[in-house]
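upload-v5.cif (mmCIF, C-alpha atoms)
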```cif
data_my_file
loop_
_atom_site.label_atom_id
_atom_site.label_comp_id
_atom_site.auth_asym_id
_atom_site.auth_seq_id
_atom_site.Cartn_x
_atom_site.Cartn_y
_atom_site.Cartn_z
CA MET A 1 102.61 71.89 121.05
CA LYS A 2 101.24 68.96 123.00
CA GLU A 3 99.40 67.68 119.93
CA LEU A 4 102.79 66.70 118.48
CA GLU A 5 104.04 64.63 121.41
CA ASN A 6 105.24 61.15 120.39
CA GLN A 7 104.43 61.89 116.75
CA ARG A 8 106.47 61.22 113.63
CA ILE A 9 106.94 64.76 112.33
CA LEU A 10 108.07 66.22 109.02
CA PHE A 11 109.46 69.72 109.59
CA ILE A 12 109.51 71.85 106.42
CA THR A 13 111.11 75.25 105.97
CA THR A 14 111.99 77.41 102.98
CA LYS A 15 114.17 79.63 105.16
CA ASN A 16 117.77 78.55 105.76
CA VAL A 17 117.72 75.66 108.25
CA ASP A 18 120.03 77.42 110.71
CA TYR A 19 117.74 80.47 110.93
CA ILE A 20 117.13 81.05 114.64
CA ARG A 21 113.34 80.56 114.47
CA ASN A 22 113.91 77.21 112.74
CA THR A 23 116.53 76.06 115.23
CA GLN A 24 114.25 77.07 118.11
CA GLU A 25 111.35 75.01 116.76
CA ILE A 26 113.48 72.04 115.70
CA SER A 27 114.92 71.89 119.21
CA LEU A 28 111.47 71.96 120.82
CA LEU A 29 110.10 69.30 118.47
CA SER A 30 113.12 67.07 119.01
CA GLU A 31 112.34 66.94 122.71
CA THR A 32 108.83 65.52 122.27
CA ALA A 33 108.62 63.84 118.85
CA GLU A 34 109.00 60.11 118.33
CA ALA A 35 110.92 60.95 115.16
CA LEU A 36 111.72 64.24 113.43
CA THR A 37 112.69 64.68 109.77
CA VAL A 38 113.88 68.12 108.67
CA LEU A 39 113.23 69.13 105.06
CA GLY A 40 115.11 72.29 104.19
CA SER A 41 118.23 73.65 102.55
CA LYS A 42 121.25 75.65 103.69
CA SER A 43 121.60 77.38 100.33
CA GLY A 44 122.01 81.14 100.41
CA SER A 45 119.50 81.48 97.56
CA TYR A 46 115.81 81.56 98.45
CA VAL A 47 114.90 80.35 94.97
CA LYS A 48 117.22 77.35 95.31
CA ARG A 49 115.91 76.54 98.78
CA LEU A 50 112.32 76.69 97.53
CA ALA A 51 113.10 74.52 94.50
CA TYR A 52 114.82 71.96 96.73
CA VAL A 53 111.83 71.76 99.08
CA TYR A 54 109.34 71.45 96.20
CA PHE A 55 111.40 68.71 94.55
CA ARG A 56 111.68 66.74 97.77
CA LEU A 57 107.97 67.10 98.50
CA LEU A 58 107.14 65.79 95.05
CA PHE A 59 108.61 62.41 95.96
CA ALA A 60 107.96 62.42 99.72
CA HIS A 61 106.22 59.34 101.16
CA MET A 62 103.77 60.93 103.57
CA GLU A 63 102.59 57.65 105.09
CA GLN A 64 105.68 57.62 107.30
CA TYR A 65 104.60 60.83 109.09
CA ASP A 66 101.83 61.58 111.56
CA ALA A 67 102.18 65.34 111.41
CA VAL A 68 103.65 68.14 109.31
CA PHE A 69 105.14 71.30 110.79
CA VAL A 70 105.80 74.07 108.26
CA GLY A 71 108.17 76.69 109.62
CA PHE A 72 108.98 80.17 108.37
CA SER A 73 106.77 81.34 105.47
CA PRO A 74 104.27 78.46 105.20
CA GLN A 75 102.46 80.56 102.58
CA LEU A 76 105.06 79.32 100.09
CA VAL A 77 104.27 75.68 100.85
CA ILE A 78 100.78 75.05 102.21
CA PRO A 79 98.60 76.54 99.43
CA PHE A 80 100.39 74.43 96.83
CA TRP A 81 101.12 71.24 98.76
CA GLY A 82 98.33 71.14 101.31
CA TRP A 83 96.61 68.38 99.35
CA LYS A 84 99.58 66.14 100.11
CA PHE A 85 99.19 66.67 103.85
CA ARG A 86 95.57 65.51 104.06
CA LYS A 87 94.80 63.27 107.04
CA LYS A 88 97.91 64.64 108.79
CA THR A 89 98.05 67.05 111.70
CA VAL A 90 99.27 70.32 110.16
CA ILE A 91 101.02 72.94 112.30
CA ILE A 92 102.38 76.16 110.82
CA ASP A 93 104.52 79.01 112.05
CA PHE A 94 102.52 82.04 110.94
CA PHE A 95 105.44 84.26 111.89
CA ILE A 96 104.48 86.87 109.31
CA SER A 97 101.44 87.62 107.19
CA VAL A 98 102.30 88.17 103.53
CA TYR A 99 99.43 90.65 103.23
CA ASP A 100 100.32 92.58 106.38
CA THR A 101 104.02 92.69 105.52
CA MET A 102 103.85 93.63 101.84
CA VAL A 103 100.72 95.83 101.86
CA CYS A 104 100.49 97.40 105.32
CA ASP A 105 104.05 97.36 106.66
CA ARG A 106 106.49 97.73 103.78
CA ARG A 107 103.86 99.13 101.40
CA LYS A 108 105.39 97.43 98.39
CA ILE A 109 101.94 96.50 97.08
CA ARG A 110 98.94 98.79 96.68
CA GLU A 111 96.03 98.01 98.96
CA GLY A 112 92.97 96.83 97.06
CA GLY A 113 94.90 95.78 93.97
CA LEU A 114 95.21 92.33 92.42
CA LEU A 115 98.55 91.57 94.08
CA ALA A 116 97.14 92.57 97.45
CA CYS A 117 94.24 90.15 96.90
CA ILE A 118 96.71 87.38 96.05
CA CYS A 119 98.66 88.09 99.25
CA ARG A 120 95.48 87.90 101.31
CA TRP A 121 94.49 84.64 99.56
CA LEU A 122 97.88 83.09 100.37
CA ASP A 123 97.44 83.95 104.05
CA LYS A 124 93.85 82.74 104.29
CA ARG A 125 94.50 79.56 102.31
CA THR A 126 97.46 78.73 104.53
CA LEU A 127 95.46 79.22 107.73
CA PHE A 128 92.58 77.17 106.27
CA TYR A 129 94.78 74.06 106.15
CA ALA A 130 96.28 74.51 109.63
CA ASP A 131 95.12 72.58 112.66
CA ALA A 132 97.22 74.90 114.80
CA SER A 133 99.37 77.94 114.17
CA ILE A 134 102.34 79.41 115.99
CA CYS A 135 102.71 83.19 116.23
CA ASP A 136 105.29 85.39 117.93
CA THR A 137 103.03 87.49 120.19
CA ASN A 138 99.52 87.34 121.61
CA ALA A 139 98.85 90.65 119.86
CA HIS A 140 99.59 89.03 116.52
CA GLY A 141 97.34 86.09 117.32
CA ASP A 142 94.49 88.52 118.00
CA TYR A 143 95.16 90.39 114.77
CA PHE A 144 95.47 87.33 112.52
CA SER A 145 92.27 85.85 113.92
CA SER A 146 90.33 89.07 113.29
CA GLU A 147 91.90 89.96 109.94
CA PHE A 148 91.59 86.55 108.30
CA GLY A 149 88.43 85.26 109.99
CA VAL A 150 89.89 82.20 111.72
CA SER A 151 89.38 80.96 115.26
CA ARG A 152 91.62 82.59 117.86
CA GLN A 153 91.99 79.16 119.45
CA ILE A 154 94.22 77.83 116.68
CA PHE A 155 96.97 80.31 117.58
CA GLN A 156 99.64 79.54 120.17
CA THR A 157 102.31 82.07 121.07
CA LEU A 158 105.95 81.05 120.88
CA TYR A 159 108.23 83.95 121.72
CA LEU A 160 111.55 84.28 119.98
CA GLU A 161 114.81 83.47 121.71
CA ALA A 162 118.29 84.90 121.22
CA ASP A 163 121.14 82.62 120.26
CA THR A 164 122.89 82.47 123.62
CA SER A 165 125.97 80.84 122.12
CA ILE A 166 126.64 84.28 120.59
CA TYR A 167 124.68 86.70 122.75
CA TYR A 168 125.52 86.40 126.45
CA PRO A 169 126.65 88.84 129.18
CA ARG A 170 130.31 89.83 129.01
CA GLU A 171 132.68 92.69 129.68
CA ALA A 172 134.00 94.65 126.69
CA ARG A 173 136.12 97.75 126.47
CA LYS A 174 134.78 100.74 124.61
CA PRO A 175 136.64 102.00 121.54
CA ALA A 176 138.81 105.04 122.15
CA GLU A 177 136.30 107.33 120.39
CA ALA A 178 133.64 106.52 123.01
CA GLU A 179 135.83 105.69 125.98
CA ASN A 180 134.65 108.58 128.14
CA CYS A 181 131.14 108.75 126.74
CA PHE A 182 127.76 107.22 127.43
CA ALA A 183 127.56 104.77 124.51
CA ILE A 184 124.16 104.20 122.89
CA LEU A 185 123.66 101.49 120.27
CA TYR A 186 121.03 100.68 117.67
CA PHE A 187 121.15 97.96 115.04
CA GLY A 188 118.61 96.96 112.44
CA SER A 189 117.79 96.36 108.82
CA VAL A 190 115.98 99.71 108.58
CA LEU A 191 112.50 98.35 107.89
CA PRO A 192 109.67 100.93 108.07
CA LEU A 193 108.17 99.55 111.29
CA GLN A 194 111.49 100.04 113.12
CA GLY A 195 111.04 103.81 113.08
CA VAL A 196 114.59 104.72 112.12
CA ASP A 197 113.47 108.29 111.38
CA VAL A 198 112.48 108.63 115.04
CA ILE A 199 115.93 107.41 116.12
CA THR A 200 117.66 109.77 113.68
CA ASP A 201 115.61 112.75 114.88
CA ALA A 202 116.37 111.83 118.50
CA MET A 203 120.11 111.69 117.77
CA ARG A 204 119.99 115.24 116.39
CA HIS A 205 119.38 116.45 119.95
CA PHE A 206 122.83 115.17 120.97
CA THR A 207 125.11 116.23 118.11
CA GLU A 208 126.71 118.94 120.27
CA ASP A 209 126.72 116.93 123.49
CA ALA A 210 130.11 115.26 124.00
CA ARG A 211 128.78 113.16 126.88
CA PHE A 212 127.09 110.82 124.39
CA PHE A 213 128.32 108.63 121.56
CA PHE A 214 125.94 106.80 119.21
CA TYR A 215 126.55 103.64 117.20
CA PHE A 216 124.08 103.08 114.37
CA ILE A 217 124.60 99.62 112.85
CA GLY A 218 122.66 98.98 109.66
CA PRO A 219 122.10 100.41 106.16
CA ALA A 220 121.11 103.93 107.21
CA THR A 221 119.39 105.91 104.47
CA GLU A 222 120.03 109.23 106.22
CA LYS A 223 123.29 109.94 108.03
CA ILE A 224 123.92 112.84 110.38
CA ALA A 225 127.35 114.40 110.08
CA ALA A 226 128.45 114.55 113.70
CA SER A 227 131.65 113.58 115.53
CA ASN A 228 129.75 111.59 118.15
CA ILE A 229 127.77 109.39 115.75
CA ARG A 230 129.34 106.41 114.00
CA TYR A 231 127.55 104.52 111.25
CA ILE A 232 128.43 100.90 110.50
CA ASP A 233 126.70 99.27 107.53
CA TRP A 234 126.96 95.64 108.64
CA LEU A 235 128.60 93.38 111.22
CA ALA A 236 128.78 89.62 111.61
CA GLN A 237 126.78 88.44 114.63
CA GLU A 238 129.90 87.75 116.68
CA GLN A 239 131.17 91.29 116.03
CA LEU A 240 127.75 92.77 116.75
CA ALA A 241 127.73 91.04 120.12
CA GLU A 242 131.02 92.73 121.03
CA TYR A 243 129.58 96.16 120.24
CA ILE A 244 126.45 95.46 122.27
CA ALA A 245 128.64 94.30 125.15
CA PHE A 246 130.30 97.70 125.63
CA ALA A 247 127.12 99.76 125.06
CA ASP A 248 125.66 101.57 128.07
CA LEU A 249 122.18 101.68 126.55
CA CYS A 250 120.53 99.92 123.58
CA LEU A 251 117.57 101.05 121.47
CA ALA A 252 115.10 98.25 120.79
CA GLY A 253 111.90 99.87 119.48
CA HIS A 254 109.83 99.51 117.51
CA PHE A 255 109.36 103.28 117.25
CA ASN A 256 107.14 103.79 114.18
CA ALA A 257 103.68 104.78 115.40
CA GLY A 258 102.21 104.78 111.89
CA VAL A 259 102.71 101.08 111.11
CA GLU A 260 100.27 98.91 113.04
CA LYS A 261 102.53 95.86 112.81
CA ALA A 262 105.10 97.74 114.91
CA LYS A 263 102.63 97.63 117.81
CA ARG A 264 102.07 93.88 117.54
CA THR A 265 105.70 92.75 117.31
CA ILE A 266 108.45 92.41 119.90
CA PRO A 267 111.67 93.39 118.10
CA GLY A 268 114.13 90.53 117.72
CA LYS A 269 116.86 92.81 119.04
CA ALA A 270 115.00 93.07 122.36
CA TYR A 271 115.62 89.36 122.98
CA ILE A 272 119.30 89.85 122.14
CA TYR A 273 119.73 92.84 124.44
CA ARG A 274 117.97 90.99 127.26
CA ALA A 275 120.15 87.90 126.78
CA MET A 276 123.22 90.13 127.12
CA GLY A 277 121.84 91.92 130.18
CA LYS A 278 121.82 95.35 128.55
CA PRO A 279 119.54 98.27 129.46
CA MET A 280 117.18 99.06 126.59
CA ILE A 281 114.43 101.40 125.47
CA LEU A 282 111.30 99.80 124.02
CA GLY A 283 108.39 101.35 122.17
CA ASP A 284 105.38 101.47 124.48
CA ASN A 285 102.93 98.99 122.97
CA SER A 286 100.92 95.94 123.95
CA ALA A 287 103.27 93.42 122.33
CA ASN A 288 106.36 94.61 124.21
CA ARG A 289 104.39 94.63 127.45
CA GLU A 290 103.57 90.94 127.03
CA LEU A 291 107.12 90.19 128.20
CA PHE A 292 108.55 93.41 129.61
CA ASP A 293 107.59 95.99 132.21
CA GLU A 294 109.25 98.83 134.13
CA SER A 295 109.71 96.71 137.24
CA MET A 296 112.39 94.74 135.38
CA GLU A 297 115.92 96.03 135.71
CA GLY A 298 117.14 97.89 132.65
CA ILE A 299 113.75 98.08 130.94
CA PHE A 300 112.49 101.49 129.81
CA PHE A 301 109.57 102.53 127.61
CA THR A 302 108.96 105.56 125.42
CA PRO A 303 105.95 106.63 123.34
CA MET A 304 106.19 105.43 119.75
CA GLY A 305 106.70 108.01 117.03
CA ASP A 306 108.02 110.72 119.37
CA ALA A 307 111.69 111.62 118.83
CA ARG A 308 111.68 114.28 121.55
CA ALA A 309 110.32 111.79 124.09
CA LEU A 310 113.01 109.28 123.06
CA ALA A 311 115.75 111.89 123.48
CA ASN A 312 114.38 112.86 126.90
CA ARG A 313 114.25 109.20 127.92
CA ILE A 314 117.92 108.80 127.00
CA LEU A 315 118.77 111.82 129.17
CA GLU A 316 116.76 110.41 132.09
CA ILE A 317 118.55 107.06 131.86
CA TYR A 318 121.92 108.80 131.64
CA ASP A 319 121.13 110.69 134.85
CA LEU A 320 120.02 107.48 136.57
CA GLN A 321 123.29 105.72 135.68
CA LYS A 322 125.65 108.55 136.60
#
```
Any chance you could put this one into structure tokens?
Amino acid sequence: MKELENQRILFITTKNVDYIRNTQEISLLSETAEALTVLGSKSGSYVKRLAYVYFRLLFAHMEQYDAVFVGFSPQLVIPFWGWKFRKKTVIIDFFISVYDTMVCDRRKIREGGLLACICRWLDKRTLFYADASICDTNAHGDYFSSEFGVSRQIFQTLYLEADTSIYYPREARKPAEAENCFAILYFGSVLPLQGVDVITDAMRHFTEDARFFFYFIGPATEKIAASNIRYIDWLAQEQLAEYIAFADLCLAGHFNAGVEKAKRTIPGKAYIYRAMGKPMILGDNSANRELFDESMEGIFFTPMGDARALANRILEIYDLQK
């Protein structure tokens, strides 16, 4: 982000200010900016955060800034306030596409309908105002450029980072239930692109195998009744780190072969596992291969959408670590 060096920058976010993508960008901007003002809220309510940002923008004196950086979800800011940023350098974090997320990934909105058209308009309008845009992978930059008809040159890739104050290598003792087992861990919010059904089907291959114990952390919609599988709905980050610390193998993904976004995104959990020095299995796609390959210790790939291949990969890794 060389174009922001020695600039007076207004950083805007509608996500909570301490969200890791925000803290990553605020830290980077602080190192190069002449002055940095952060406009955001720590409220737990998205509606309240959005209202706070809108109210502050209404009375903001833009002459004191050279540039505006809009963090997570600029689609909620730029289309409505872009007029106020005229003659300023505008940088956005196009971390997600509203259209891609709601229509293609989560399928909450029917493709071709009015709401889908509005989502596409929000994305295109936001990119129209941007002098430069941050994305999380090169694969996403390629996709956004093609899908929304904007120059590929405006996209710069900024990979995510784990919070190393929480996630760092450490020793941890396994719980008694898994003490003599090969412990395998997965955590996630169970979004479609994560391919939880593939993980569940892979676990079925081990329900009678006492050598393995699985920890599934997240709101599972389907639970297998087996003595060597433990489901945990939610953990605070500090507790999650302790579970990851004793795991012998972690599942990163994404594993859903039917959602194109899954092939363009490096899972956030992959950064966490790497920061903690844990072996992990990644879905074999171009995004994951931007940062990871088999020559790296503890990095393993498996074909996306194939539960049998995932189960076989787990067995291979178990044999390697015996």
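Coordinates place CA of Arg125 (chain A) at a distance of 20.1 Å from CA of Leu58 (chain A).
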(message) I need the output of the PyMOL selection byres ((chain A and resi 257-261) around 6) for this file as an NGL selection string; which residues are they?
(response) :A and (105 or 193 or 256 or 262-264 or 304-305)
(request) List the residues matched by the PyMOL selection byres ((chain A and resi 203-206) around 9) in the displayed structure as a VMD selection string, ordered by chain and then by residue number. (result) chain A and resid 198 to 202 207 to 214 224 226 228 to 229 307 to 308 311
(request) Can you work out the spacing between CA of Leu235 (chain A) and CA of Val196 (chain A) in Å, to one decimal? (result)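 Computing the Euclidean distance for CA of Leu235 (chain A) and CA of Val196 (chain A) yields 18.0 Å.
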(request) Please write as a PyMOL selection string the full residue list that the PyMOL selection byres ((chain A and resi 184-191) around 7) yields on this file. (result) chain A and resi 182-183+192-194+196+213-220+244+247-251
(message) Report, in Å with one decimal, the straight-line distance from CA of Leu122 (chain A) to CA of Ser151 (chain A).
(response) 17.3 Å
(request) Excluding Met102 (chain A) and residues on its chain fewer than 2 positions from it, collect all residues at most 12 Å away from it, counting only C-alpha atoms, and give them as an MDAnalysis selection string. (result) chainID A and resid 96:100 104:111 115:120 123 191:193 259 261
Exercise on region 186-205 of chain A, axis-aligned box with 6 Å per side, report centre and edge lengths in Å to one decimal, as JSON:
```
{"center_x": 114.7, "center_y": 106.4, "center_z": 113.9, "size_x": 25.0, "size_y": 32.1, "size_z": 24.1}
```
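The smallest atom-to-atom distance between Thr302 (chain A) and any of A:Tyr231, A:Phe255, A:Phe59, A:Trp81, using only C-alpha atoms, is found for A:Phe255.
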